>>> print(open('data-v8.pdb').read())   # PDB, C-alpha atoms, pLDDT in the B column
MODEL        1
ATOM      1  CA  ALA M  23     163.656 119.876 194.940  1.00 61.00           C
ATOM      2  CA  ASP M  24     163.554 123.634 194.519  1.00 57.00           C
ATOM      3  CA  LEU M  25     160.449 124.434 192.510  1.00 56.00           C
ATOM      4  CA  SER M  26     160.564 128.195 193.053  1.00 56.00           C
ATOM      5  CA  HIS M  27     161.387 128.799 189.386  1.00 56.00           C
ATOM      6  CA  HIS M  28     158.219 126.953 188.285  1.00 58.00           C
ATOM      7  CA  LYS M  29     155.092 129.027 187.848  1.00 63.00           C
ATOM      8  CA  LEU M  30     151.830 127.451 188.892  1.00 76.00           C
ATOM      9  CA  MET M  31     149.380 127.301 186.002  1.00 86.00           C
ATOM     10  CA  ARG M  32     145.760 128.041 186.823  1.00 92.00           C
ATOM     11  CA  THR M  33     142.757 127.644 184.553  1.00 95.00           C
ATOM     12  CA  LEU M  34     139.565 129.691 184.731  1.00 95.00           C
ATOM     13  CA  ARG M  35     136.612 127.837 183.192  1.00 95.00           C
ATOM     14  CA  TRP M  36     133.205 128.864 181.910  1.00 92.00           C
ATOM     15  CA  PHE M  37     130.455 126.604 180.619  1.00 90.00           C
ATOM     16  CA  VAL M  38     127.377 127.908 178.816  1.00 87.00           C
ATOM     17  CA  GLY M  39     125.009 125.038 178.101  1.00 86.00           C
ATOM     18  CA  GLY M  40     122.450 124.878 175.345  1.00 85.00           C
ATOM     19  CA  SER M  41     122.134 127.203 172.383  1.00 84.00           C
ATOM     20  CA  LEU M  42     124.233 130.343 172.647  1.00 81.00           C
ATOM     21  CA  SER M  43     121.551 132.310 170.823  1.00 70.00           C
ATOM     22  CA  LYS M  44     119.411 131.863 173.949  1.00 60.00           C
ATOM     23  CA  ALA M  45     122.270 133.454 175.902  1.00 56.00           C
ATOM     24  CA  SER M  46     122.153 136.579 173.752  1.00 56.00           C
ATOM     25  CA  GLU M  47     121.383 138.650 176.840  1.00 57.00           C
ATOM     26  CA  GLY M  48     125.117 138.101 177.405  1.00 58.00           C
ATOM     27  CA  LEU M  49     125.917 140.084 174.248  1.00 58.00           C
ATOM     28  CA  ASN M  50     128.303 143.035 174.420  1.00 55.00           C
ATOM     29  CA  GLY M  51     129.441 143.285 177.991  1.00 55.00           C
ATOM     30  CA  ALA M  52     126.957 141.494 180.239  1.00 56.00           C
ATOM     31  CA  GLY M  53     128.692 138.397 181.562  1.00 65.00           C
ATOM     32  CA  MET M  54     127.789 134.836 180.658  1.00 74.00           C
ATOM     33  CA  GLY M  55     128.400 132.034 183.094  1.00 73.00           C
ATOM     34  CA  GLU M  56     130.167 132.640 186.354  1.00 79.00           C
ATOM     35  CA  GLN M  57     132.399 135.532 187.254  1.00 89.00           C
ATOM     36  CA  HIS M  58     135.890 134.659 188.456  1.00 91.00           C
ATOM     37  CA  ARG M  59     137.571 136.776 191.143  1.00 93.00           C
ATOM     38  CA  LEU M  60     141.329 136.271 191.105  1.00 91.00           C
ATOM     39  CA  ASP M  61     143.019 135.285 194.376  1.00 92.00           C
ATOM     40  CA  GLN M  62     146.441 136.308 193.013  1.00 91.00           C
ATOM     41  CA  ASP M  63     147.933 138.150 190.037  1.00 91.00           C
ATOM     42  CA  GLY M  64     148.072 136.206 186.781  1.00 91.00           C
ATOM     43  CA  THR M  65     149.269 136.502 183.199  1.00 91.00           C
ATOM     44  CA  PRO M  66     147.029 135.013 180.480  1.00 93.00           C
ATOM     45  CA  VAL M  67     148.918 132.527 178.300  1.00 91.00           C
ATOM     46  CA  ALA M  68     146.266 130.547 176.403  1.00 93.00           C
ATOM     47  CA  LEU M  69     142.525 130.475 175.756  1.00 95.00           C
ATOM     48  CA  ARG M  70     140.667 127.391 174.526  1.00 97.00           C
ATOM     49  CA  LEU M  71     137.130 127.289 173.147  1.00 97.00           C
ATOM     50  CA  TYR M  72     135.136 124.072 172.763  1.00 96.00           C
ATOM     51  CA  MET M  73     131.582 123.613 171.432  1.00 95.00           C
ATOM     52  CA  SER M  74     129.450 120.503 170.978  1.00 96.00           C
ATOM     53  CA  VAL M  75     127.669 122.030 167.951  1.00 94.00           C
ATOM     54  CA  ALA M  76     129.555 124.475 165.719  1.00 94.00           C
ATOM     55  CA  PRO M  77     128.344 127.953 164.779  1.00 93.00           C
ATOM     56  CA  ARG M  78     126.910 128.218 161.264  1.00 93.00           C
ATOM     57  CA  GLY M  79     127.068 130.976 158.685  1.00 93.00           C
ATOM     58  CA  SER M  80     129.566 133.261 160.385  1.00 91.00           C
ATOM     59  CA  PRO M  81     131.799 132.905 163.469  1.00 92.00           C
ATOM     60  CA  THR M  82     130.628 133.247 167.049  1.00 90.00           C
ATOM     61  CA  VAL M  83     132.755 136.008 168.575  1.00 91.00           C
ATOM     62  CA  LEU M  84     133.530 136.081 172.297  1.00 91.00           C
ATOM     63  CA  ASP M  85     135.460 138.274 174.698  1.00 90.00           C
ATOM     64  CA  ILE M  86     137.101 137.825 178.092  1.00 92.00           C
ATOM     65  CA  LEU M  87     136.984 140.950 180.235  1.00 90.00           C
ATOM     66  CA  ASP M  88     139.220 141.941 183.157  1.00 91.00           C
ATOM     67  CA  ASP M  89     137.138 144.394 185.201  1.00 90.00           C
ATOM     68  CA  GLY M  90     135.327 145.282 181.977  1.00 88.00           C
ATOM     69  CA  VAL M  91     138.462 145.652 179.803  1.00 88.00           C
ATOM     70  CA  SER M  92     139.075 143.126 177.009  1.00 90.00           C
ATOM     71  CA  LEU M  93     142.142 140.895 177.292  1.00 92.00           C
ATOM     72  CA  PHE M  94     142.393 140.903 173.484  1.00 91.00           C
ATOM     73  CA  THR M  95     143.280 143.245 170.639  1.00 89.00           C
ATOM     74  CA  TYR M  96     141.261 140.934 168.347  1.00 90.00           C
ATOM     75  CA  ARG M  97     138.375 139.115 170.043  1.00 91.00           C
ATOM     76  CA  PRO M  98     138.580 135.321 169.950  1.00 94.00           C
ATOM     77  CA  GLN M  99     136.092 133.561 167.720  1.00 94.00           C
ATOM     78  CA  MET M 100     134.852 130.092 167.010  1.00 93.00           C
ATOM     79  CA  ASP M 101     134.919 129.789 163.244  1.00 94.00           C
ATOM     80  CA  ALA M 102     131.817 128.664 161.385  1.00 93.00           C
ATOM     81  CA  ASP M 103     131.707 124.842 161.478  1.00 93.00           C
ATOM     82  CA  GLY M 104     134.464 124.809 164.130  1.00 94.00           C
ATOM     83  CA  LEU M 105     134.333 122.871 167.400  1.00 97.00           C
ATOM     84  CA  TYR M 106     137.717 123.801 168.905  1.00 97.00           C
ATOM     85  CA  LYS M 107     139.923 126.886 168.869  1.00 96.00           C
ATOM     86  CA  GLU M 108     143.053 127.836 170.796  1.00 96.00           C
ATOM     87  CA  VAL M 109     144.172 131.457 171.101  1.00 93.00           C
ATOM     88  CA  THR M 110     147.558 132.493 172.478  1.00 91.00           C
ATOM     89  CA  VAL M 111     147.706 136.149 171.368  1.00 89.00           C
ATOM     90  CA  PHE M 112     146.315 138.627 173.871  1.00 89.00           C
ATOM     91  CA  ALA M 113     146.139 142.427 173.879  1.00 85.00           C
ATOM     92  CA  GLU M 114     149.228 144.069 172.477  1.00 70.00           C
ATOM     93  CA  THR M 115     148.569 147.058 174.700  1.00 59.00           C
ATOM     94  CA  GLY M 116     146.656 147.415 177.938  1.00 57.00           C
ATOM     95  CA  LYS M 117     146.515 144.801 180.664  1.00 57.00           C
ATOM     96  CA  ALA M 118     149.149 142.114 180.197  1.00 68.00           C
ATOM     97  CA  ARG M 119     148.600 140.970 183.782  1.00 82.00           C
ATOM     98  CA  ILE M 120     145.337 140.414 185.594  1.00 90.00           C
ATOM     99  CA  ALA M 121     145.617 141.840 189.095  1.00 91.00           C
ATOM    100  CA  LYS M 122     144.554 140.061 192.267  1.00 93.00           C
ATOM    101  CA  ALA M 123     140.858 140.692 193.106  1.00 94.00           C
ATOM    102  CA  SER M 124     140.014 141.462 189.451  1.00 93.00           C
ATOM    103  CA  ILE M 125     136.677 140.180 188.194  1.00 92.00           C
ATOM    104  CA  VAL M 126     137.092 138.145 184.986  1.00 92.00           C
ATOM    105  CA  THR M 127     133.981 137.609 182.872  1.00 90.00           C
ATOM    106  CA  LEU M 128     133.012 135.980 179.583  1.00 90.00           C
ATOM    107  CA  SER M 129     130.960 137.963 177.067  1.00 88.00           C
ATOM    108  CA  LEU M 130     129.273 136.878 173.845  1.00 86.00           C
ATOM    109  CA  TYR M 131     129.996 139.569 171.267  1.00 83.00           C
ATOM    110  CA  SER M 132     128.254 138.211 168.165  1.00 84.00           C
ATOM    111  CA  GLU M 133     126.583 134.980 167.151  1.00 84.00           C
ATOM    112  CA  GLY M 134     126.891 132.898 164.023  1.00 83.00           C
ATOM    113  CA  SER M 135     124.509 134.336 161.421  1.00 86.00           C
ATOM    114  CA  LYS M 136     122.746 130.985 160.871  1.00 89.00           C
ATOM    115  CA  GLY M 137     123.197 129.593 164.379  1.00 85.00           C
ATOM    116  CA  ALA M 138     125.493 130.408 167.273  1.00 83.00           C
ATOM    117  CA  GLY M 139     126.362 126.847 168.235  1.00 88.00           C
ATOM    118  CA  ARG M 140     125.755 124.964 171.477  1.00 91.00           C
ATOM    119  CA  ASP M 141     127.409 123.993 174.742  1.00 92.00           C
ATOM    120  CA  LEU M 142     130.357 126.358 174.937  1.00 92.00           C
ATOM    121  CA  THR M 143     133.294 125.617 177.248  1.00 94.00           C
ATOM    122  CA  VAL M 144     135.960 128.296 177.667  1.00 95.00           C
ATOM    123  CA  GLU M 145     139.280 127.732 179.455  1.00 96.00           C
ATOM    124  CA  LEU M 146     141.695 130.579 180.201  1.00 96.00           C
ATOM    125  CA  ASP M 147     145.172 129.529 181.375  1.00 94.00           C
ATOM    126  CA  LEU M 148     147.002 131.920 183.699  1.00 93.00           C
ATOM    127  CA  GLU M 149     150.543 131.690 185.033  1.00 89.00           C
TER     128      GLU M 149
ENDMDL
END
>>> encode(input="data-v8.pdb", output="structure tokens")
Amino acid sequence: ADLSHHKLMRTLRWFVGGSLSKASEGLNGAGMGEQHRLDQDGTPVALRLYMSVAPRGSPTVLDILDDGVSLFTYRPQMDADGLYKEVTVFAETGKARIAKASIVTLSLYSEGSKGAGRDLTVELDLE
């Protein structure tokens, strides 16, 4: 069968265990979890956030950076009392594609005001 018209989906994953407030050194640009270096170009199509304990008070706001540039016009957030969020809207301008050899990092932008939540898993789907 000719599968040349099918794009291979790849998923970049990050896991930050424990309380995110302890990871606050990752706030505003410094990466949390591992850095991913792309082995081929990719286009982001979906982002999923999972937490075992939800943020309280206000949302926990995250960012995914491609060589230091956000993939989003509006940063993704886990709503207060939320455990799962899917985001499919990326930057309206700027980098629509992530180039081969780019470094992709996760950044914590702001924590929930009464608790940032725990055990964050982030999955970024690329095609």
>>> closest_residue(input="data-v8.pdb", among="M:Tyr96, M:Leu60, M:Asp89, M:Leu105", to="Ala123 (chain M)", atoms="all atoms listed in the file")
M:Leu60
>>> residues_around(input="data-v8.pdb", residues="Arg119 (chain M)", least_positions_apart="5", cutoff="12 Å", atoms="all atoms listed in the file", output="short mmCIF file (atom, residue, chain, number, x, y, z; two decimals) with C-alpha atoms, in the frame of the given file")
data_model
loop_
_atom_site.label_atom_id
_atom_site.label_comp_id
_atom_site.auth_asym_id
_atom_site.auth_seq_id
_atom_site.Cartn_x
_atom_site.Cartn_y
_atom_site.Cartn_z
CA LEU M 60 141.33 136.27 191.10
CA GLN M 62 146.44 136.31 193.01
CA ASP M 63 147.93 138.15 190.04
CA GLY M 64 148.07 136.21 186.78
CA THR M 65 149.27 136.50 183.20
CA PRO M 66 147.03 135.01 180.48
CA VAL M 67 148.92 132.53 178.30
CA ASP M 88 139.22 141.94 183.16
CA VAL M 91 138.46 145.65 179.80
CA SER M 92 139.07 143.13 177.01
CA LEU M 93 142.14 140.90 177.29
CA PHE M 112 146.32 138.63 173.87
CA ALA M 113 146.14 142.43 173.88
CA GLU M 114 149.23 144.07 172.48
CA SER M 124 140.01 141.46 189.45
CA VAL M 126 137.09 138.15 184.99
CA LEU M 148 147.00 131.92 183.70
CA GLU M 149 150.54 131.69 185.03
#
>>> closest_residue(input="data-v8.pdb", among="M:Leu128, M:Gly137, M:Thr143, M:Ala76", to="Ser43 (chain M)", atoms="all atoms listed in the file")
M:Gly137
>>> atom_distance(input="data-v8.pdb", atom1="CA of Ala138 (chain M)", atom2="CA of Arg32 (chain M)")
28.3 Å
>>> atom_distance(input="data-v8.pdb", atom1="CA of Tyr106 (chain M)", atom2="CA of Asp61 (chain M)")
28.4 Å
>>> closest_residue(input="data-v8.pdb", among="M:Thr82, M:Thr95, M:Ser74, M:Thr127", to="Glu145 (chain M)", atoms="only C-alpha atoms")
M:Thr127
>>> residues_near_point(input="data-v8.pdb", point="(136.1, 135.3, 175.5)", cutoff="10 Å", atoms="all atoms listed in the file", output="VMD selection string")
chain M and resid 36 54 69 to 71 83 to 87 92 to 94 97 to 99 109 126 to 131 144 to 146
>>> write_last_selection(input="data-v8.pdb", atoms="C-alpha atoms", output="tab-separated table (two decimals), in the frame of the given file")
chain	number	residue	atom	x	y	z
M	36	TRP	CA	133.21	128.86	181.91
M	54	MET	CA	127.79	134.84	180.66
M	69	LEU	CA	142.52	130.48	175.76
M	70	ARG	CA	140.67	127.39	174.53
M	71	LEU	CA	137.13	127.29	173.15
M	83	VAL	CA	132.76	136.01	168.58
M	84	LEU	CA	133.53	136.08	172.30
M	85	ASP	CA	135.46	138.27	174.70
M	86	ILE	CA	137.10	137.82	178.09
M	87	LEU	CA	136.98	140.95	180.24
M	92	SER	CA	139.07	143.13	177.01
M	93	LEU	CA	142.14	140.90	177.29
M	94	PHE	CA	142.39	140.90	173.48
M	97	ARG	CA	138.38	139.12	170.04
M	98	PRO	CA	138.58	135.32	169.95
M	99	GLN	CA	136.09	133.56	167.72
M	109	VAL	CA	144.17	131.46	171.10
M	126	VAL	CA	137.09	138.15	184.99
M	127	THR	CA	133.98	137.61	182.87
M	128	LEU	CA	133.01	135.98	179.58
M	129	SER	CA	130.96	137.96	177.07
M	130	LEU	CA	129.27	136.88	173.84
M	131	TYR	CA	130.00	139.57	171.27
M	144	VAL	CA	135.96	128.30	177.67
M	145	GLU	CA	139.28	127.73	179.46
M	146	LEU	CA	141.70	130.58	180.20
>>> closest_residue(input="data-v8.pdb", among="M:Ile125, M:Tyr72, M:Ser135, M:Arg35", to="Gly104 (chain M)", atoms="all atoms listed in the file")
M:Tyr72
>>> atom_distance(input="data-v8.pdb", atom1="CA of Pro81 (chain M)", atom2="CA of Glu133 (chain M)")
6.7 Å
>>> axis_aligned_box(input="data-v8.pdb", around="region 34-45 of chain M", padding_each_side="8 Å", output="AutoDock Vina command-line options")
--center_x 129.5 --center_y 129.2 --center_z 177.8 --size_x 36.2 --size_y 24.6 --size_z 29.9
>>> closest_residue(input="data-v8.pdb", among="M:Leu42, M:His58, M:Glu108, M:Ala68", to="Lys122 (chain M)", atoms="only C-alpha atoms")
M:His58
>>> closest_residue(input="data-v8.pdb", among="M:Gly90, M:Gly55, M:Gly39, M:Gly134", to="Met73 (chain M)", atoms="all atoms listed in the file")
M:Gly39
